[in-house]
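*Asks:* So I've got this file, target.pdb, and it contains PDB, C-alpha atoms:
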```
MODEL        1
ATOM      1  CA  MET A   1      66.854 -63.924 -33.589
ATOM      2  CA  ALA A   2      64.544 -65.500 -31.012
ATOM      3  CA  ASP A   3      65.831 -66.218 -27.537
ATOM      4  CA  SER A   4      65.491 -69.974 -28.049
ATOM      5  CA  PHE A   5      66.848 -71.885 -31.029
ATOM      6  CA  LYS A   6      67.433 -75.443 -32.166
ATOM      7  CA  PRO A   7      71.147 -76.300 -32.418
ATOM      8  CA  ALA A   8      72.357 -77.961 -35.597
ATOM      9  CA  TYR A   9      75.274 -79.558 -33.734
ATOM     10  CA  LYS A  10      75.508 -81.551 -30.523
ATOM     11  CA  ARG A  11      79.223 -81.171 -29.784
ATOM     12  CA  VAL A  12      81.233 -78.191 -30.999
ATOM     13  CA  LEU A  13      84.883 -77.149 -30.919
ATOM     14  CA  LEU A  14      85.137 -73.345 -30.975
ATOM     15  CA  LYS A  15      88.494 -71.797 -31.835
ATOM     16  CA  LEU A  16      88.821 -68.308 -30.350
ATOM     17  CA  SER A  17      91.823 -66.321 -31.523
ATOM     18  CA  GLY A  18      93.734 -64.156 -29.094
ATOM     19  CA  ASN A  19      92.317 -61.131 -30.942
ATOM     20  CA  SER A  20      88.862 -61.936 -29.578
ATOM     21  CA  PHE A  21      90.140 -61.080 -26.076
ATOM     22  CA  CYS A  22      90.849 -57.435 -26.899
ATOM     23  CA  ARG A  23      89.559 -54.520 -28.942
ATOM     24  CA  SER A  24      90.436 -54.292 -32.610
ATOM     25  CA  GLY A  25      93.914 -52.885 -33.096
ATOM     26  CA  GLU A  26      94.832 -53.313 -29.424
ATOM     27  CA  SER A  27      96.588 -55.999 -27.396
ATOM     28  CA  GLY A  28      96.246 -57.445 -23.914
ATOM     29  CA  ILE A  29      92.870 -58.384 -22.440
ATOM     30  CA  THR A  30      89.753 -56.216 -22.533
ATOM     31  CA  MET A  31      87.252 -57.835 -20.196
ATOM     32  CA  GLN A  32      84.310 -56.141 -21.930
ATOM     33  CA  GLU A  33      85.228 -58.002 -25.120
ATOM     34  CA  VAL A  34      85.588 -61.260 -23.193
ATOM     35  CA  SER A  35      82.228 -60.667 -21.510
ATOM     36  CA  ASN A  36      80.561 -60.041 -24.877
ATOM     37  CA  VAL A  37      81.807 -63.381 -26.176
ATOM     38  CA  SER A  38      80.771 -65.046 -22.913
ATOM     39  CA  GLN A  39      77.182 -63.872 -23.328
ATOM     40  CA  GLN A  40      77.014 -65.510 -26.759
ATOM     41  CA  ILE A  41      78.504 -68.686 -25.324
ATOM     42  CA  ARG A  42      75.939 -68.629 -22.512
ATOM     43  CA  ARG A  43      73.092 -68.806 -25.041
ATOM     44  CA  ILE A  44      74.750 -71.769 -26.743
ATOM     45  CA  HIS A  45      75.213 -73.541 -23.429
ATOM     46  CA  GLU A  46      71.577 -72.926 -22.482
ATOM     47  CA  ALA A  47      70.536 -74.591 -25.751
ATOM     48  CA  GLY A  48      72.239 -77.795 -24.624
ATOM     49  CA  VAL A  49      75.268 -77.695 -26.924
ATOM     50  CA  GLU A  50      78.384 -79.481 -25.657
ATOM     51  CA  LEU A  51      81.088 -76.865 -26.164
ATOM     52  CA  ALA A  52      84.881 -77.023 -25.981
ATOM     53  CA  ILE A  53      86.905 -73.878 -26.653
ATOM     54  CA  VAL A  54      90.527 -73.642 -27.788
ATOM     55  CA  CYS A  55      92.129 -70.276 -26.989
ATOM     56  CA  GLY A  56      94.778 -68.491 -28.980
ATOM     57  CA  GLY A  57      97.258 -66.139 -27.319
ATOM     58  CA  GLY A  58      98.242 -63.613 -29.975
ATOM     59  CA  ASN A  59      96.772 -60.698 -28.036
ATOM     60  CA  ILE A  60      99.524 -61.230 -25.459
ATOM     61  CA  LEU A  61     102.378 -62.944 -27.277
ATOM     62  CA  ARG A  62     102.676 -64.894 -30.518
ATOM     63  CA  GLY A  63     105.602 -67.267 -30.159
ATOM     64  CA  ARG A  64     106.678 -67.394 -33.795
ATOM     65  CA  ASP A  65     106.632 -63.598 -34.165
ATOM     66  CA  PHE A  66     108.380 -63.023 -30.846
ATOM     67  CA  ALA A  67     111.225 -65.385 -31.772
ATOM     68  CA  ALA A  68     111.653 -63.592 -35.101
ATOM     69  CA  VAL A  69     112.375 -60.229 -33.452
ATOM     70  CA  SER A  70     114.198 -61.442 -30.335
ATOM     71  CA  ALA A  71     117.638 -62.751 -31.169
ATOM     72  CA  SER A  72     118.322 -63.877 -27.594
ATOM     73  CA  ILE A  73     115.128 -65.976 -27.330
ATOM     74  CA  LYS A  74     115.252 -69.459 -28.824
ATOM     75  CA  GLN A  75     112.269 -70.487 -30.929
ATOM     76  CA  PRO A  76     111.088 -73.301 -28.625
ATOM     77  CA  THR A  77     111.188 -70.904 -25.662
ATOM     78  CA  ALA A  78     109.141 -68.326 -27.552
ATOM     79  CA  HIS A  79     106.563 -70.962 -28.465
ATOM     80  CA  TYR A  80     106.240 -72.040 -24.830
ATOM     81  CA  MET A  81     105.755 -68.398 -23.875
ATOM     82  CA  GLY A  82     102.955 -68.201 -26.428
ATOM     83  CA  MET A  83     101.343 -71.308 -24.951
ATOM     84  CA  LEU A  84     101.369 -69.719 -21.511
ATOM     85  CA  ALA A  85      99.659 -66.663 -23.005
ATOM     86  CA  THR A  86      96.739 -68.897 -24.025
ATOM     87  CA  VAL A  87      96.425 -70.006 -20.396
ATOM     88  CA  ILE A  88      96.108 -66.375 -19.271
ATOM     89  CA  ASN A  89      93.298 -65.945 -21.801
ATOM     90  CA  GLY A  90      91.711 -69.169 -20.644
ATOM     91  CA  LEU A  91      91.642 -67.982 -17.038
ATOM     92  CA  ALA A  92      90.001 -64.701 -18.071
ATOM     93  CA  LEU A  93      87.396 -66.536 -20.146
ATOM     94  CA  GLN A  94      86.703 -69.014 -17.354
ATOM     95  CA  ASP A  95      85.865 -66.282 -14.854
ATOM     96  CA  ALA A  96      83.793 -64.351 -17.402
ATOM     97  CA  LEU A  97      81.767 -67.457 -18.235
ATOM     98  CA  GLU A  98      81.201 -68.389 -14.615
ATOM     99  CA  ASN A  99      80.167 -64.801 -13.897
ATOM    100  CA  ALA A 100      77.556 -65.311 -16.642
ATOM    101  CA  GLY A 101      76.336 -68.468 -14.916
ATOM    102  CA  VAL A 102      78.047 -71.009 -17.177
ATOM    103  CA  PRO A 103      79.756 -73.973 -15.451
ATOM    104  CA  THR A 104      83.282 -74.138 -16.818
ATOM    105  CA  ARG A 105      86.467 -76.181 -16.609
ATOM    106  CA  LEU A 106      89.898 -75.027 -17.766
ATOM    107  CA  GLN A 107      92.260 -77.740 -18.987
ATOM    108  CA  THR A 108      95.826 -77.236 -20.149
ATOM    109  CA  ALA A 109      98.199 -79.261 -22.294
ATOM    110  CA  ILE A 110     101.079 -78.163 -20.003
ATOM    111  CA  ARG A 111     100.542 -79.370 -16.457
ATOM    112  CA  MET A 112      99.900 -76.561 -13.970
ATOM    113  CA  GLU A 113      97.506 -78.027 -11.421
ATOM    114  CA  GLY A 114      97.547 -74.863  -9.337
ATOM    115  CA  VAL A 115      95.418 -73.062 -11.925
ATOM    116  CA  ALA A 116      93.868 -75.707 -14.184
ATOM    117  CA  GLU A 117      93.265 -79.392 -14.786
ATOM    118  CA  PRO A 118      95.592 -81.251 -17.140
ATOM    119  CA  PHE A 119      93.986 -82.158 -20.445
ATOM    120  CA  ILE A 120      92.728 -85.727 -20.242
ATOM    121  CA  ARG A 121      90.561 -86.753 -23.163
ATOM    122  CA  ARG A 122      88.073 -88.905 -21.260
ATOM    123  CA  LYS A 123      87.736 -86.327 -18.494
ATOM    124  CA  CYS A 124      87.152 -83.571 -21.025
ATOM    125  CA  ILE A 125      84.382 -85.586 -22.669
ATOM    126  CA  ARG A 126      82.826 -86.315 -19.287
ATOM    127  CA  HIS A 127      82.739 -82.595 -18.466
ATOM    128  CA  LEU A 128      80.996 -81.943 -21.795
ATOM    129  CA  GLU A 129      78.450 -84.672 -21.116
ATOM    130  CA  LYS A 130      77.735 -83.081 -17.724
ATOM    131  CA  GLY A 131      76.978 -79.745 -19.372
ATOM    132  CA  ARG A 132      80.206 -77.920 -18.603
ATOM    133  CA  VAL A 133      81.998 -75.717 -21.106
ATOM    134  CA  VAL A 134      85.619 -76.868 -21.354
ATOM    135  CA  ILE A 135      88.333 -74.325 -22.172
ATOM    136  CA  LEU A 136      91.432 -75.936 -23.674
ATOM    137  CA  ALA A 137      94.616 -73.905 -23.307
ATOM    138  CA  ALA A 138      98.374 -74.254 -23.922
ATOM    139  CA  GLY A 139      97.859 -75.584 -27.446
ATOM    140  CA  THR A 140      99.124 -79.152 -27.761
ATOM    141  CA  GLY A 141     101.870 -78.574 -25.187
ATOM    142  CA  SER A 142     104.546 -78.786 -27.890
ATOM    143  CA  PRO A 143     106.393 -75.978 -29.679
ATOM    144  CA  PHE A 144     106.032 -75.353 -33.422
ATOM    145  CA  VAL A 145     102.354 -76.382 -33.351
ATOM    146  CA  THR A 146      99.729 -73.677 -33.858
ATOM    147  CA  THR A 147      96.552 -73.342 -31.825
ATOM    148  CA  ASP A 148      94.662 -73.964 -35.090
ATOM    149  CA  THR A 149      96.232 -77.403 -35.250
ATOM    150  CA  ALA A 150      95.518 -77.851 -31.542
ATOM    151  CA  ALA A 151      91.852 -77.078 -32.255
ATOM    152  CA  ALA A 152      91.709 -79.633 -35.067
ATOM    153  CA  LEU A 153      93.420 -82.279 -32.919
ATOM    154  CA  ARG A 154      91.119 -81.687 -29.954
ATOM    155  CA  ALA A 155      88.085 -81.790 -32.257
ATOM    156  CA  ARG A 156      89.157 -85.243 -33.416
ATOM    157  CA  GLU A 157      89.878 -86.403 -29.878
ATOM    158  CA  ILE A 158      86.505 -85.357 -28.470
ATOM    159  CA  GLU A 159      84.624 -86.355 -31.645
ATOM    160  CA  ALA A 160      83.228 -82.884 -32.263
ATOM    161  CA  ASP A 161      80.645 -82.425 -35.003
ATOM    162  CA  VAL A 162      82.238 -79.215 -36.279
ATOM    163  CA  VAL A 163      85.124 -76.795 -35.766
ATOM    164  CA  LEU A 164      84.026 -73.164 -35.585
ATOM    165  CA  LYS A 165      86.750 -70.635 -36.239
ATOM    166  CA  ALA A 166      85.736 -67.229 -34.878
ATOM    167  CA  THR A 167      87.419 -64.395 -36.785
ATOM    168  CA  ARG A 168      86.939 -60.724 -37.616
ATOM    169  CA  VAL A 169      86.141 -61.342 -41.288
ATOM    170  CA  ASP A 170      83.015 -62.772 -42.927
ATOM    171  CA  GLY A 171      84.594 -66.063 -43.937
ATOM    172  CA  VAL A 172      87.111 -67.251 -46.499
ATOM    173  CA  TYR A 173      88.082 -65.156 -49.527
ATOM    174  CA  SER A 174      90.201 -65.839 -52.604
ATOM    175  CA  ASP A 175      92.464 -62.997 -51.469
ATOM    176  CA  ASP A 176      92.736 -60.472 -48.663
ATOM    177  CA  PRO A 177      89.476 -58.479 -49.013
ATOM    178  CA  GLU A 178      91.034 -55.457 -47.292
ATOM    179  CA  LYS A 179      93.721 -55.273 -49.979
ATOM    180  CA  ASN A 180      91.820 -56.630 -52.975
ATOM    181  CA  PRO A 181      88.273 -55.285 -53.454
ATOM    182  CA  HIS A 182      87.700 -57.962 -56.117
ATOM    183  CA  ALA A 183      88.431 -60.855 -53.759
ATOM    184  CA  VAL A 184      85.795 -63.589 -54.045
ATOM    185  CA  HIS A 185      83.940 -64.763 -50.943
ATOM    186  CA  TYR A 186      83.314 -68.491 -50.647
ATOM    187  CA  SER A 187      80.175 -69.731 -48.899
ATOM    188  CA  ASP A 188      81.208 -73.373 -49.345
ATOM    189  CA  ILE A 189      84.579 -74.801 -50.292
ATOM    190  CA  THR A 190      86.198 -78.234 -50.034
ATOM    191  CA  PHE A 191      89.289 -79.176 -48.059
ATOM    192  CA  ASP A 192      91.072 -79.991 -51.323
ATOM    193  CA  GLU A 193      90.262 -76.586 -52.816
ATOM    194  CA  VAL A 194      91.561 -74.810 -49.717
ATOM    195  CA  LEU A 195      94.818 -76.738 -49.891
ATOM    196  CA  LYS A 196      95.178 -76.331 -53.651
ATOM    197  CA  GLN A 197      94.598 -72.570 -53.539
ATOM    198  CA  ARG A 198      96.609 -72.182 -50.321
ATOM    199  CA  LEU A 199      93.820 -70.200 -48.748
ATOM    200  CA  LYS A 200      94.474 -68.870 -45.269
ATOM    201  CA  VAL A 201      91.720 -70.674 -43.393
ATOM    202  CA  MET A 202      93.795 -72.570 -40.855
ATOM    203  CA  ASP A 203      97.302 -73.925 -41.196
ATOM    204  CA  VAL A 204      97.802 -76.901 -43.511
ATOM    205  CA  GLN A 205      98.220 -79.423 -40.698
ATOM    206  CA  ALA A 206      94.900 -78.369 -39.149
ATOM    207  CA  ILE A 207      93.134 -78.745 -42.508
ATOM    208  CA  HIS A 208      94.579 -82.234 -42.957
ATOM    209  CA  HIS A 209      93.385 -83.327 -39.509
ATOM    210  CA  CYS A 210      89.841 -82.143 -40.176
ATOM    211  CA  GLN A 211      89.882 -83.674 -43.654
ATOM    212  CA  GLU A 212      90.998 -87.072 -42.351
ATOM    213  CA  GLN A 213      88.118 -87.142 -39.877
ATOM    214  CA  ASN A 214      85.599 -85.352 -42.155
ATOM    215  CA  VAL A 215      85.096 -82.670 -39.496
ATOM    216  CA  PRO A 216      83.741 -79.536 -41.229
ATOM    217  CA  ILE A 217      85.145 -76.106 -40.418
ATOM    218  CA  VAL A 218      82.991 -72.977 -40.363
ATOM    219  CA  VAL A 219      84.842 -69.659 -40.520
ATOM    220  CA  PHE A 220      82.691 -66.707 -39.454
ATOM    221  CA  ASN A 221      82.751 -63.185 -38.039
ATOM    222  CA  TYR A 222      82.013 -63.525 -34.333
ATOM    223  CA  GLN A 223      81.814 -59.734 -33.887
ATOM    224  CA  LYS A 224      78.508 -59.458 -35.714
ATOM    225  CA  GLU A 225      75.726 -59.562 -33.143
ATOM    226  CA  GLY A 226      74.263 -63.063 -32.832
ATOM    227  CA  ASN A 227      76.522 -64.683 -35.443
ATOM    228  CA  LEU A 228      77.855 -67.364 -33.095
ATOM    229  CA  VAL A 229      74.316 -68.440 -32.240
ATOM    230  CA  ARG A 230      73.308 -68.373 -35.906
ATOM    231  CA  VAL A 231      76.214 -70.631 -36.851
ATOM    232  CA  ILE A 232      75.293 -73.100 -34.104
ATOM    233  CA  ALA A 233      71.694 -72.992 -35.345
ATOM    234  CA  GLY A 234      72.912 -74.083 -38.776
ATOM    235  CA  GLU A 235      72.358 -70.816 -40.647
ATOM    236  CA  LYS A 236      74.630 -70.170 -43.623
ATOM    237  CA  ILE A 237      77.022 -67.718 -42.015
ATOM    238  CA  GLY A 238      80.608 -67.226 -43.169
ATOM    239  CA  THR A 239      82.287 -70.084 -45.028
ATOM    240  CA  ARG A 240      81.888 -73.819 -44.617
ATOM    241  CA  VAL A 241      84.971 -75.908 -45.400
ATOM    242  CA  GLY A 242      84.354 -79.624 -45.727
ATOM    243  CA  PRO A 243      84.308 -82.716 -47.926
ATOM    244  CA  PRO A 244      82.691 -82.515 -51.373
ATOM    245  CA  LYS A 245      78.920 -82.521 -51.137
ATOM    246  CA  LYS A 246      77.267 -85.702 -52.367
ATOM    247  CA  ASP A 247      75.052 -85.362 -55.406
ATOM    248  CA  ALA A 248      71.378 -85.378 -54.591
TER     249      ALA A 248
ENDMDL
END
```
Here is the file; what I need is its structure written in the form of structure tokens.
*Replies:*
Amino acid sequence: MADSFKPAYKRVLLKLSGNSFCRSGESGITMQEVSNVSQQIRRIHEAGVELAIVCGGGNILRGRDFAAVSASIKQPTAHYMGMLATVINGLALQDALENAGVPTRLQTAIRMEGVAEPFIRRKCIRHLEKGRVVILAAGTGSPFVTTDTAAALRAREIEADVVLKATRVDGVYSDDPEKNPHAVHYSDITFDEVLKQRLKVMDVQAIHHCQEQNVPIVVFNYQKEGNLVRVIAGEKIGTRVGPPKKDA
């Protein structure tokens, strides 16, 4: 793909899972992986896209899973621990982006002014308008709410044109393609169909938020070279989840 491209969206909410911060099959943070993502983000920023990023934290600690195997840890505590893991990822991404020459702000839903700004909707939007990438960490600041739902909520708050969910698969399938070789890949699917078939795109609450605001979701494989840029450019990559298309 050419160095320059025309973005299809003005304001984007990118959901990065914790897995994007480490190598496949590993945990923790691998800065080479973070740097690779940062270089793709740099190209998007240079094209003038207003970009907010919601970080997951599963590479460090997933609250729900940790509570399930730790009898002495209460579920709310485990969820708060998971939220703090997203802040660690956010700090790593912030430095990687700034090292790539991208002006960045880190905002958190849990106040910790020593390392980040608190999330304030109007301030976040102002940063975007000034050409800064805004990293949104600590989920919604409340336990029992996934970072997928946080991404959908933030997309509504900042009036994003689209939610991009970066994954390690090529979109949405009717079944797990690694277990079922006959699983069907969807290039386009409606919110209602996702909910009816209980497809694992994002959690149900996140789908409802996007549906209420008619914010489309694009699920794509960020690991394929240039895919993030191609999605921003409007190419048909991965799966688009949205309202029913109007008849021509």
*Asks:* Could you spell out the hits of the PyMOL selection byres ((chain A and resi 41-56) around 6) on the shown file, as number ranges by chain?
*Replies:* A: 10-18, 38-40, 57, 86, 128, 133-137, 147, 151
*Asks:* Print the selection's residues with C-alpha atoms to a file, as a short mmCIF file (atom, residue, chain, number, x, y, z; two decimals), in the coordinates of the input.
*Replies:*
```cif
data_model
loop_
_atom_site.label_atom_id
_atom_site.label_comp_id
_atom_site.auth_asym_id
_atom_site.auth_seq_id
_atom_site.Cartn_x
_atom_site.Cartn_y
_atom_site.Cartn_z
CA LYS A 10 75.51 -81.55 -30.52
CA ARG A 11 79.22 -81.17 -29.78
CA VAL A 12 81.23 -78.19 -31.00
CA LEU A 13 84.88 -77.15 -30.92
CA LEU A 14 85.14 -73.34 -30.98
CA LYS A 15 88.49 -71.80 -31.84
CA LEU A 16 88.82 -68.31 -30.35
CA SER A 17 91.82 -66.32 -31.52
CA GLY A 18 93.73 -64.16 -29.09
CA SER A 38 80.77 -65.05 -22.91
CA GLN A 39 77.18 -63.87 -23.33
CA GLN A 40 77.01 -65.51 -26.76
CA GLY A 57 97.26 -66.14 -27.32
CA THR A 86 96.74 -68.90 -24.02
CA LEU A 128 81.00 -81.94 -21.80
CA VAL A 133 82.00 -75.72 -21.11
CA VAL A 134 85.62 -76.87 -21.35
CA ILE A 135 88.33 -74.32 -22.17
CA LEU A 136 91.43 -75.94 -23.67
CA ALA A 137 94.62 -73.90 -23.31
CA THR A 147 96.55 -73.34 -31.82
CA ALA A 151 91.85 -77.08 -32.26
#
```
*Asks:* Pick out the closest residue to A:Arg132 from this set: A:Glu33, A:Glu98, A:Glu178, A:Asp188. Count all atoms listed in the file.
*Replies:*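 Nearest to A:Arg132: A:Glu98.
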*Asks:* Can you find the residues with an atom no farther than 10 Å from (84.1, -86.8, -25.7), counting all atoms listed in the file, and report them as a list in words?
*Replies:*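 Final list of nearby residues, as requested, is Arg11, Glu50, Ala52, Arg121, Arg122, Lys123, Cys124, Ile125, Arg126, His127, Leu128, Glu129, Arg154, Ala155, Arg156, Glu157, Ile158, Glu159 and Ala160 of chain A.
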*Asks:* List as a list in words the residues having at least one atom at most 12 Å from position (92.2, -64.9, -15.1) as given in the file, counting all atoms listed in the file.
*Replies:*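 Those residues, ordered by chain and then number, are Phe21, Ile29, Thr30, Met31, Val34, Ala85, Thr86, Val87, Ile88, Asn89, Gly90, Leu91, Ala92, Leu93, Gln94, Asp95, Ala96, Leu97, Glu98, Leu106, Val115 and Ala116 of chain A.
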*Asks:* Between atom CA of A:Val162 and atom CA of A:Thr239, what is the distance, to one decimal in Å?
*Replies:*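 Calculated distance between atom CA of A:Val162 and atom CA of A:Thr239 is 12.6 Å.
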*Asks:* Given all atoms listed in the file as the basis, pick out the residue of A:Val145, A:Met83, A:Ala166, A:Lys130 nearest to A:Arg111.
*Replies:*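 Closest candidate: A:Met83.
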*Asks:* What lies within 8 Å of A:Ala152 using only C-alpha atoms, ignoring chain neighbours under 2 positions off, as a PyMOL selection string?
*Replies:* chain A and resi 148-150+154-156+163+206-207+209-210
*Asks:* Distance atom CA of A:Leu164-atom CA of A:Ala138, one decimal place?
*Replies:* 18.5 Å
*Asks:* Ranking A:Asn59, A:Pro143, A:Tyr186, A:Gly25 by minimum distance to A:Ala78 and counting only C-alpha atoms, which one comes first?
*Replies:*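 Comparing A:Asn59, A:Pro143, A:Tyr186, A:Gly25 against A:Ala78, the winner is A:Pro143.
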*Asks:* Kindly resolve the PyMOL selection byres ((chain A and resi 7) around 6) on the present coordinates and return the residues as a PyMOL selection string.
*Replies:* chain A and resi 6+8-9+232-233
*Asks:* How many Å separate atom CA of A:Ser142 from atom CA of A:Ser72?
*Replies:*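 Computed distance, atom CA of A:Ser142 to atom CA of A:Ser72, equals 20.3 Å.
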*Asks:* Neighbouring residues of A:Lys236 were defined as those with any atom within 10 Å, considering all atoms listed in the file; residues of the same chain fewer than 6 positions away were excluded. Please report them as an NGL selection string.
*Replies:* :A and (187-188 or 218 or 220 or 230)
*Asks:* Can you write just those residues out, C-alpha atoms, as a PDB file, in the coordinates of the input?
*Replies:*
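part.pdb, written as the output of this step:
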```pdb
ATOM      1  CA  SER A 187      80.175 -69.731 -48.899  1.00  0.00           C
ATOM      2  CA  ASP A 188      81.208 -73.373 -49.345  1.00  0.00           C
ATOM      3  CA  VAL A 218      82.991 -72.977 -40.363  1.00  0.00           C
ATOM      4  CA  PHE A 220      82.691 -66.707 -39.454  1.00  0.00           C
ATOM      5  CA  ARG A 230      73.308 -68.373 -35.906  1.00  0.00           C
TER       6      ARG A 230
END
```
*Asks:* Between A:Pro76, A:Glu235, A:Gly141, A:Phe5, which has the minimum distance to A:Gln107 (counting all atoms listed in the file)?
*Replies:*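 Counting all atoms listed in the file, the residue closest to A:Gln107 is A:Gly141.
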*Asks:* For A:Thr167, which of A:Asn214, A:Thr108, A:Asn221, A:Ser24 is the closest residue, counting only C-alpha atoms?
*Replies:* A:Asn221
*Asks:* Go through A:Leu61, A:Val231, A:Ile110, A:Met202 and flag the residue nearest A:Met81, using all atoms listed in the file for the distances.
*Replies:*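 The answer is A:Leu61, which sits nearest to A:Met81.
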*Asks:* Centre and edge lengths, as JSON, for the axis-aligned box enclosing every listed atom of stretch 213-224 of chain A with 6 Å of padding on each of the six sides, in Å to one decimal?
*Replies:*
```
{"center_x": 83.3, "center_y": -73.3, "center_z": -38.0, "size_x": 21.6, "size_y": 39.7, "size_z": 20.3}
```
